[in-house]
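Trainee: Sharing my_file.csv (CSV, C-alpha atoms and all ligand atoms) below.
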```
chain,number,residue,atom,x,y,z
T,1,MET,CA,-131.0,39.7,89.3
T,2,SER,CA,-132.5,36.2,89.5
T,3,ILE,CA,-130.5,33.2,88.4
T,4,PRO,CA,-131.6,32.2,84.8
T,5,CYS,CA,-133.0,28.7,84.7
T,6,TRP,CA,-130.4,27.3,82.2
T,7,GLU,CA,-127.7,27.9,84.8
T,8,ARG,CA,-129.2,25.2,87.0
T,9,TYR,CA,-129.4,22.8,84.1
T,10,PRO,CA,-126.3,23.6,82.0
T,11,ASP,CA,-126.3,20.3,80.1
T,12,LEU,CA,-129.8,20.8,78.8
T,13,MET,CA,-128.9,23.4,76.3
T,14,ASP,CA,-126.0,23.8,73.8
T,15,LEU,CA,-123.7,26.7,74.1
T,16,SER,CA,-125.2,28.8,71.3
T,17,ALA,CA,-128.7,28.5,72.8
T,18,GLN,CA,-127.2,29.4,76.2
T,19,ARG,CA,-125.6,32.4,74.6
T,20,ALA,CA,-128.8,33.6,73.1
T,21,LYS,CA,-130.6,33.1,76.5
T,22,LEU,CA,-127.9,35.0,78.4
T,23,ILE,CA,-128.1,38.0,76.0
T,24,GLU,CA,-132.0,37.9,76.1
T,25,HIS,CA,-131.7,37.9,79.9
T,26,LEU,CA,-129.3,40.8,80.0
T,27,VAL,CA,-131.6,42.8,77.7
T,28,LYS,CA,-134.7,41.9,79.7
T,29,CYS,CA,-133.0,43.0,83.0
T,30,GLY,CA,-132.2,46.4,81.3
T,31,VAL,CA,-128.4,45.7,81.7
T,32,LEU,CA,-127.8,45.6,77.9
T,33,LYS,CA,-129.5,48.5,76.2
T,34,THR,CA,-127.5,49.9,73.3
T,35,LYS,CA,-127.9,48.2,69.9
T,36,ARG,CA,-124.2,48.2,68.9
T,37,ILE,CA,-123.3,46.7,72.4
T,38,VAL,CA,-126.0,44.1,72.1
T,39,ASP,CA,-124.8,43.2,68.6
T,40,ALA,CA,-121.2,43.0,69.9
T,41,PHE,CA,-122.4,40.5,72.5
T,42,LYS,CA,-124.0,38.4,69.8
T,43,GLU,CA,-120.9,38.5,67.6
T,44,VAL,CA,-118.2,37.8,70.1
T,45,ARG,CA,-118.6,34.3,71.6
T,46,ARG,CA,-117.5,34.1,75.2
T,47,ASP,CA,-116.9,30.4,74.9
T,48,LEU,CA,-113.8,31.2,72.7
T,49,PHE,CA,-112.2,33.1,75.6
T,50,VAL,CA,-112.7,30.9,78.6
T,51,ALA,CA,-110.2,28.2,79.8
T,52,ASN,CA,-111.1,24.7,78.6
T,53,GLU,CA,-111.9,23.5,82.1
T,54,THR,CA,-114.7,26.1,82.5
T,55,LEU,CA,-116.2,25.8,79.0
T,56,GLN,CA,-119.6,24.5,80.2
T,57,TYR,CA,-119.9,27.7,82.3
T,58,ALA,CA,-119.1,30.1,79.5
T,59,TYR,CA,-122.7,31.5,79.5
T,60,HIS,CA,-123.3,31.5,83.2
T,61,ASP,CA,-123.4,35.1,84.5
T,62,ILE,CA,-120.3,34.7,86.6
T,63,ALA,CA,-116.6,35.6,86.4
T,64,LEU,CA,-114.4,32.5,85.5
T,65,PRO,CA,-110.7,32.0,86.4
T,66,ILE,CA,-108.2,32.2,83.5
T,67,SER,CA,-105.0,32.2,85.7
T,68,ASN,CA,-104.1,32.6,89.4
T,69,SER,CA,-104.7,36.3,89.3
T,70,SER,CA,-107.0,36.9,86.3
T,71,THR,CA,-110.6,36.2,85.5
T,72,ILE,CA,-112.8,36.6,82.5
T,73,SER,CA,-115.3,39.2,83.9
T,74,GLN,CA,-118.9,38.5,84.6
T,75,PRO,CA,-121.1,39.1,81.5
T,76,SER,CA,-123.5,41.5,83.3
T,77,THR,CA,-120.6,43.5,84.7
T,78,VAL,CA,-119.0,43.8,81.3
T,79,ALA,CA,-122.4,44.9,79.9
T,80,ILE,CA,-122.7,47.5,82.6
T,81,MET,CA,-119.2,48.8,82.0
T,82,LEU,CA,-119.7,49.0,78.2
T,83,GLU,CA,-123.0,50.8,78.6
T,84,LEU,CA,-121.3,53.3,80.9
T,85,LEU,CA,-118.3,53.7,78.5
T,86,GLN,CA,-120.5,54.1,75.4
T,87,PRO,CA,-117.9,53.2,72.9
T,88,TYR,CA,-118.7,54.8,69.5
T,89,GLN,CA,-117.7,54.0,65.9
T,90,GLY,CA,-114.2,55.3,65.1
T,91,GLU,CA,-113.0,55.9,68.7
T,92,LYS,CA,-109.6,55.0,70.0
T,93,ILE,CA,-109.9,53.3,73.4
T,94,LEU,CA,-107.4,52.1,76.0
T,95,GLU,CA,-108.2,49.0,78.0
T,96,ILE,CA,-106.2,48.3,81.1
T,97,GLY,CA,-106.2,44.6,81.9
T,98,THR,CA,-106.7,42.5,78.8
T,99,GLY,CA,-107.5,39.3,80.7
T,100,SER,CA,-109.0,36.8,78.3
T,101,GLY,CA,-109.4,39.4,75.5
T,102,TRP,CA,-113.2,39.0,75.4
T,103,GLU,CA,-114.0,42.5,76.5
T,104,THR,CA,-111.2,43.7,74.1
T,105,CYS,CA,-113.1,42.1,71.2
T,106,LEU,CA,-116.4,43.5,72.3
T,107,LEU,CA,-114.9,47.0,72.4
T,108,SER,CA,-113.4,46.3,68.9
T,109,LYS,CA,-116.8,45.5,67.5
T,110,CYS,CA,-118.3,48.6,69.0
T,111,VAL,CA,-115.7,51.0,67.6
T,112,GLY,CA,-115.7,49.3,64.2
T,113,GLU,CA,-112.9,49.1,61.6
T,114,LYS,CA,-112.1,52.8,61.8
T,115,GLY,CA,-111.7,52.7,65.6
T,116,ARG,CA,-108.7,51.3,67.5
T,117,ILE,CA,-108.4,49.3,70.7
T,118,ILE,CA,-105.1,49.4,72.6
T,119,SER,CA,-105.0,46.9,75.5
T,120,ILE,CA,-102.3,46.5,78.1
T,121,GLU,CA,-101.9,43.4,80.3
T,122,ILE,CA,-99.3,43.1,83.1
T,123,ASP,CA,-99.0,39.3,83.0
T,124,PRO,CA,-97.2,38.0,79.9
T,125,GLU,CA,-98.8,34.6,80.0
T,126,VAL,CA,-102.3,36.1,80.2
T,127,GLU,CA,-101.4,38.5,77.4
T,128,GLU,CA,-100.4,35.5,75.3
T,129,PHE,CA,-103.7,33.7,76.1
T,130,ALA,CA,-105.6,36.8,75.1
T,131,ARG,CA,-103.7,37.2,71.9
T,132,SER,CA,-104.4,33.7,70.8
T,133,ASN,CA,-108.1,34.2,71.7
T,134,ILE,CA,-108.3,37.5,69.8
T,135,LYS,CA,-106.7,35.9,66.7
T,136,LYS,CA,-109.8,33.6,66.4
T,137,MET,CA,-111.9,36.7,65.8
T,138,LYS,CA,-109.8,38.0,62.9
T,139,LEU,CA,-110.2,41.6,64.1
T,140,LYS,CA,-107.7,44.1,62.7
T,141,ASN,CA,-108.2,47.1,65.0
T,142,ILE,CA,-106.7,45.6,68.3
T,143,LYS,CA,-103.2,46.0,69.6
T,144,THR,CA,-102.2,44.3,72.9
T,145,PHE,CA,-99.1,45.0,75.0
T,146,VAL,CA,-97.4,43.5,78.0
T,147,GLY,CA,-96.8,46.1,80.7
T,148,ASP,CA,-98.0,48.0,83.8
T,149,GLY,CA,-101.1,50.0,82.7
T,150,SER,CA,-101.8,51.4,86.2
T,151,GLY,CA,-100.8,54.8,84.9
T,152,GLY,CA,-102.4,54.3,81.5
T,153,TYR,CA,-100.3,53.9,78.4
T,154,SER,CA,-99.0,57.4,77.5
T,155,LYS,CA,-97.0,56.1,74.5
T,156,LEU,CA,-100.1,55.9,72.3
T,157,ALA,CA,-102.2,58.6,74.0
T,158,PRO,CA,-104.5,60.5,73.6
T,159,TYR,CA,-107.6,58.2,73.9
T,160,ASP,CA,-111.3,59.0,73.5
T,161,LYS,CA,-112.0,56.5,76.3
T,162,ILE,CA,-110.1,54.5,78.9
T,163,ILE,CA,-111.5,51.5,80.7
T,164,PHE,CA,-109.9,49.7,83.8
T,165,THR,CA,-110.9,46.1,84.0
T,166,ALA,CA,-109.2,45.6,87.4
T,167,ALA,CA,-109.8,47.4,90.7
T,168,ILE,CA,-107.8,50.6,91.2
T,169,PRO,CA,-107.3,52.6,94.4
T,170,LYS,CA,-107.5,56.0,92.7
T,171,VAL,CA,-107.6,57.2,89.1
T,172,ASP,CA,-104.6,59.5,88.8
T,173,GLN,CA,-104.0,62.8,86.9
T,174,THR,CA,-101.5,60.8,84.8
T,175,VAL,CA,-104.5,58.9,83.4
T,176,PHE,CA,-106.8,61.9,82.8
T,177,ALA,CA,-103.9,63.6,81.0
T,178,GLN,CA,-104.1,60.8,78.4
T,179,LEU,CA,-107.8,61.7,77.5
T,180,ASN,CA,-109.0,63.7,74.5
T,181,PRO,CA,-111.2,66.7,75.3
T,182,LYS,CA,-114.7,65.2,76.2
T,183,GLY,CA,-112.9,61.9,77.0
T,184,ARG,CA,-114.3,59.4,79.5
T,185,VAL,CA,-112.8,56.9,82.0
T,186,VAL,CA,-114.7,54.0,83.5
T,187,ALA,CA,-113.1,52.3,86.4
T,188,PRO,CA,-113.9,50.3,89.6
T,189,VAL,CA,-112.4,52.5,92.3
T,190,GLY,CA,-111.9,51.7,96.0
T,191,GLY,CA,-110.3,49.1,98.2
T,192,SER,CA,-108.8,45.8,96.9
T,193,LEU,CA,-112.0,43.9,98.1
T,194,LEU,CA,-114.9,46.1,97.0
T,195,GLN,CA,-115.1,49.0,94.6
T,196,ILE,CA,-117.5,51.6,93.3
T,197,MET,CA,-117.9,51.8,89.5
T,198,LYS,CA,-117.1,55.3,88.6
T,199,VAL,CA,-117.5,57.3,85.3
T,200,PHE,CA,-115.1,60.3,84.9
T,201,ASP,CA,-115.9,62.8,82.2
T,202,ARG,CA,-113.4,65.3,81.0
T,203,VAL,CA,-115.7,68.4,80.6
T,204,SER,CA,-112.9,71.0,80.1
T,205,GLU,CA,-109.2,71.3,80.0
T,206,THR,CA,-109.0,71.2,83.8
T,207,LYS,CA,-112.3,69.8,85.0
T,208,ILE,CA,-113.3,66.2,85.5
T,209,GLU,CA,-116.9,65.3,86.5
T,210,VAL,CA,-117.4,62.0,88.4
T,211,ARG,CA,-120.5,59.8,88.7
T,212,ASP,CA,-120.9,56.6,90.9
T,213,TYR,CA,-122.7,53.4,89.7
T,214,GLY,CA,-122.9,50.8,92.5
T,215,THR,CA,-120.6,48.3,94.2
T,216,PHE,CA,-118.5,45.7,92.4
T,217,GLN,CA,-115.7,43.2,93.1
T,218,PHE,CA,-112.8,43.1,90.7
T,219,VAL,CA,-109.3,41.5,90.8
T,220,PRO,CA,-106.9,44.1,92.2
T,221,LEU,CA,-104.7,46.1,89.9
T,222,ARG,CA,-101.0,45.5,90.3
T,223,GLY,CA,-98.1,47.8,89.3
T,224,LYS,CA,-97.0,51.2,90.3
T,225,LEU,CA,-100.4,52.8,91.0
T,226,GLY,CA,-102.1,49.5,92.0
T,227,TYR,CA,-102.4,48.0,95.5
B,1,LIG,N1,-112.2,42.1,81.2
B,1,LIG,C1,-111.3,41.0,81.2
B,1,LIG,C2,-111.0,40.7,82.7
B,1,LIG,C3,-109.6,41.2,83.1
B,1,LIG,S1,-109.2,40.7,84.7
B,1,LIG,C4,-112.0,39.8,80.6
B,1,LIG,O1,-113.2,39.8,80.6
B,1,LIG,O2,-111.3,38.9,80.3
B,1,LIG,C5,-108.1,42.0,85.0
B,1,LIG,C6,-106.8,41.9,84.4
B,1,LIG,O3,-106.0,43.0,84.7
B,1,LIG,C7,-106.0,40.6,84.8
B,1,LIG,O4,-105.7,39.9,83.6
B,1,LIG,C8,-104.7,41.2,85.4
B,1,LIG,O5,-103.5,40.5,85.1
B,1,LIG,C9,-104.6,42.6,84.7
B,1,LIG,N2,-103.9,43.6,85.5
B,1,LIG,C10,-103.7,43.7,86.8
B,1,LIG,N3,-102.9,44.8,87.1
B,1,LIG,C11,-102.6,45.3,85.9
B,1,LIG,C12,-101.8,46.4,85.5
B,1,LIG,N4,-101.1,47.2,86.4
B,1,LIG,N5,-101.6,46.7,84.1
B,1,LIG,C13,-102.2,45.9,83.2
B,1,LIG,N6,-103.0,44.8,83.5
B,1,LIG,C14,-103.2,44.6,84.8
```
Represent the structure from my file as structure tokens, please.
Mentor:
Amino acid sequence: MSIPCWERYPDLMDLSAQRAKLIEHLVKCGVLKTKRIVDAFKEVRRDLFVANETLQYAYHDIALPISNSSTISQPSTVAIMLELLQPYQGEKILEIGTGSGWETCLLSKCVGEKGRIISIEIDPEVEEFARSNIKKMKLKNIKTFVGDGSGGYSKLAPYDKIIFTAAIPKVDQTVFAQLNPKGRVVAPVGGSLLQIMKVFDRVSETKIEVRDYGTFQFVPLRGKLGY
């Protein structure tokens, strides 16, 4: 993917023009495809979720630091993950690793008012940052929690979909057990430095089908089933 020109001249365009350009770029590259996901990208401003020091880079296609061990994910990576997850209206989705809350709000827009997003974050300060960001969007279908989500969040299971936003060594049976029939998990699986994006579909009571989608680099999952 080539570097879009406004990334080299960030001061030449205001943030809303940069946002429009980034979305246009992701659509042109074929990374963003599904209308409700494209609409979510238009409605949820990434500049509301980045740290003040990095505001001018909000629409660069890069991950940005939000704490020592958390980042707001790269827009193209989030787009790829949401396209693989295919969140539908009315679904109940578990997100593991709330981070900035940006992806949480994108998911919220995709599932609509009848859907629910449960998001779990291990770092209390990051969860607080996410909560204050999410508040700005006035969305009523999101619930965030502080805790170790490496084994999912069985308290509120079952879920239609589960998404890991941090690298995980292996998706465990504990997580699959929290899926509805026909449920799906999207997760970057592998070592702590590089991972393969994987889609796990629950095709029957006992059978999970797996597909691979390229190499990525995520922050490592902490906690019991992390690294
Ligand atoms: N998609 C998010 C990025 C999140 S980065 C965004 O765009 O903002 C991954 C997050 O996972 C980090 O905030 C990290 O603190 C969190 N995390 C790591 N291990 C975790 C665990 N075991 N349970 C829950 N969250 C975890």
Trainee: Check which residues of segment 147-174 of chain T sit at most 8 Å from segment 179-197 of chain T using only C-alpha atoms, and return one row each with the closest pair of atoms and their distance in Å to one decimal, ordered by chain and rising number, as a tab-separated table.
Mentor:
```
residue	atom	partner	partner_atom	distance
T:Ala157	CA	T:Leu179	CA	7.3
T:Pro158	CA	T:Leu179	CA	5.2
T:Tyr159	CA	T:Leu179	CA	5.0
T:Asp160	CA	T:Gly183	CA	4.8
T:Lys161	CA	T:Arg184	CA	4.9
T:Ile162	CA	T:Val185	CA	4.8
T:Ile163	CA	T:Val186	CA	4.9
T:Phe164	CA	T:Ala187	CA	4.9
T:Thr165	CA	T:Ala187	CA	7.0
T:Ala166	CA	T:Pro188	CA	7.0
T:Ala167	CA	T:Pro188	CA	5.1
T:Ile168	CA	T:Val189	CA	5.1
T:Pro169	CA	T:Gly190	CA	5.0
T:Lys170	CA	T:Val189	CA	6.0
T:Val171	CA	T:Val189	CA	7.4
```
Trainee: Compare T:Ser132, T:Ser73, T:Gln173, T:Ser154 by their minimum atom-to-atom distance to ligand LIG 1 (chain B), counting all atoms listed in the file, and give me the closest one.
Mentor: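 Going through T:Ser132, T:Ser73, T:Gln173, T:Ser154 one by one, the smallest distance to ligand LIG 1 (chain B) is for T:Ser73.
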Trainee: Which residues form the shell of 6 Å around ligand LIG 1 (chain B) when you count only C-alpha atoms and all ligand atoms, given as a short mmCIF file (atom, residue, chain, number, x, y, z; two decimals) with C-alpha atoms, in the frame of the given file?
Mentor:
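What follows is the written file part11.cif:
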```cif
data_model
loop_
_atom_site.label_atom_id
_atom_site.label_comp_id
_atom_site.auth_asym_id
_atom_site.auth_seq_id
_atom_site.Cartn_x
_atom_site.Cartn_y
_atom_site.Cartn_z
CA SER T 70 -107.00 36.90 86.30
CA THR T 71 -110.60 36.20 85.50
CA ILE T 72 -112.80 36.60 82.50
CA SER T 73 -115.30 39.20 83.90
CA ILE T 96 -106.20 48.30 81.10
CA GLY T 97 -106.20 44.60 81.90
CA THR T 98 -106.70 42.50 78.80
CA GLY T 99 -107.50 39.30 80.70
CA SER T 100 -109.00 36.80 78.30
CA GLY T 101 -109.40 39.40 75.50
CA TRP T 102 -113.20 39.00 75.40
CA GLU T 103 -114.00 42.50 76.50
CA ILE T 120 -102.30 46.50 78.10
CA GLU T 121 -101.90 43.40 80.30
CA ILE T 122 -99.30 43.10 83.10
CA ASP T 123 -99.00 39.30 83.00
CA GLY T 147 -96.80 46.10 80.70
CA ASP T 148 -98.00 48.00 83.80
CA GLY T 149 -101.10 50.00 82.70
CA SER T 150 -101.80 51.40 86.20
CA THR T 165 -110.90 46.10 84.00
CA ALA T 166 -109.20 45.60 87.40
CA VAL T 219 -109.30 41.50 90.80
CA LEU T 221 -104.70 46.10 89.90
CA ARG T 222 -101.00 45.50 90.30
CA GLY T 223 -98.10 47.80 89.30
#
```
Trainee: Go ahead and compute the interatomic distance for atom CA of Leu94 of chain T and atom CA of Val146 of chain T, in Å to one decimal.
Mentor: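 Spanning atom CA of Leu94 of chain T to atom CA of Val146 of chain T is a straight-line distance of 13.3 Å.
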Trainee: Rank nothing, just name the residue among T:Asp14, T:Glu43, T:Val38, T:Ser69 nearest to Leu55 of chain T, using all atoms listed in the file.
Mentor: T:Asp14
Trainee: Quick one: residues within 7 Å of segment 135-142 of chain T, only C-alpha atoms counted, chain neighbours fewer than 6 positions away excluded, as a PyMOL selection string?
Mentor: chain T and resi 108+113+115-118
Trainee: So what do you get for atom CA of Glu127 of chain T versus atom CA of Ile93 of chain T, distance-wise?
Mentor: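 One can read the atom CA of Glu127 of chain T to atom CA of Ile93 of chain T distance as 17.5 Å.
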Trainee: Would you list the contacts of Arg19 of chain T as a list in words, taking every protein, DNA or RNA residue within 9 Å and counting all atoms listed in the file, but skipping same-chain residues closer than 6 positions in sequence?
Mentor: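 So the residues in contact are Phe41, Lys42, Arg45, Arg46, Asp47, Ala58, Tyr59 and His60 of chain T.
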Trainee: Grab the atom CA of Leu85 of chain T to atom CA of Gln217 of chain T distance for me, in Å with one decimal place.
Mentor: 18.2 Å
Trainee: List the neighbours of segment 75-80 of chain T out to 7 Å using all atoms listed in the file; skip same-chain residues closer than 6 positions along the sequence, and give me the result as a PDB file with C-alpha atoms, keeping the file's coordinate frame.
Mentor:
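The resulting out-v3.pdb:
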```pdb
ATOM      1  CA  LEU T  26    -129.300  40.800  80.000  1.00  0.00           C
ATOM      2  CA  VAL T  31    -128.400  45.700  81.700  1.00  0.00           C
ATOM      3  CA  LEU T  32    -127.800  45.600  77.900  1.00  0.00           C
ATOM      4  CA  ASP T  61    -123.400  35.100  84.500  1.00  0.00           C
ATOM      5  CA  ILE T  62    -120.300  34.700  86.600  1.00  0.00           C
TER       6      ILE T  62
END
```
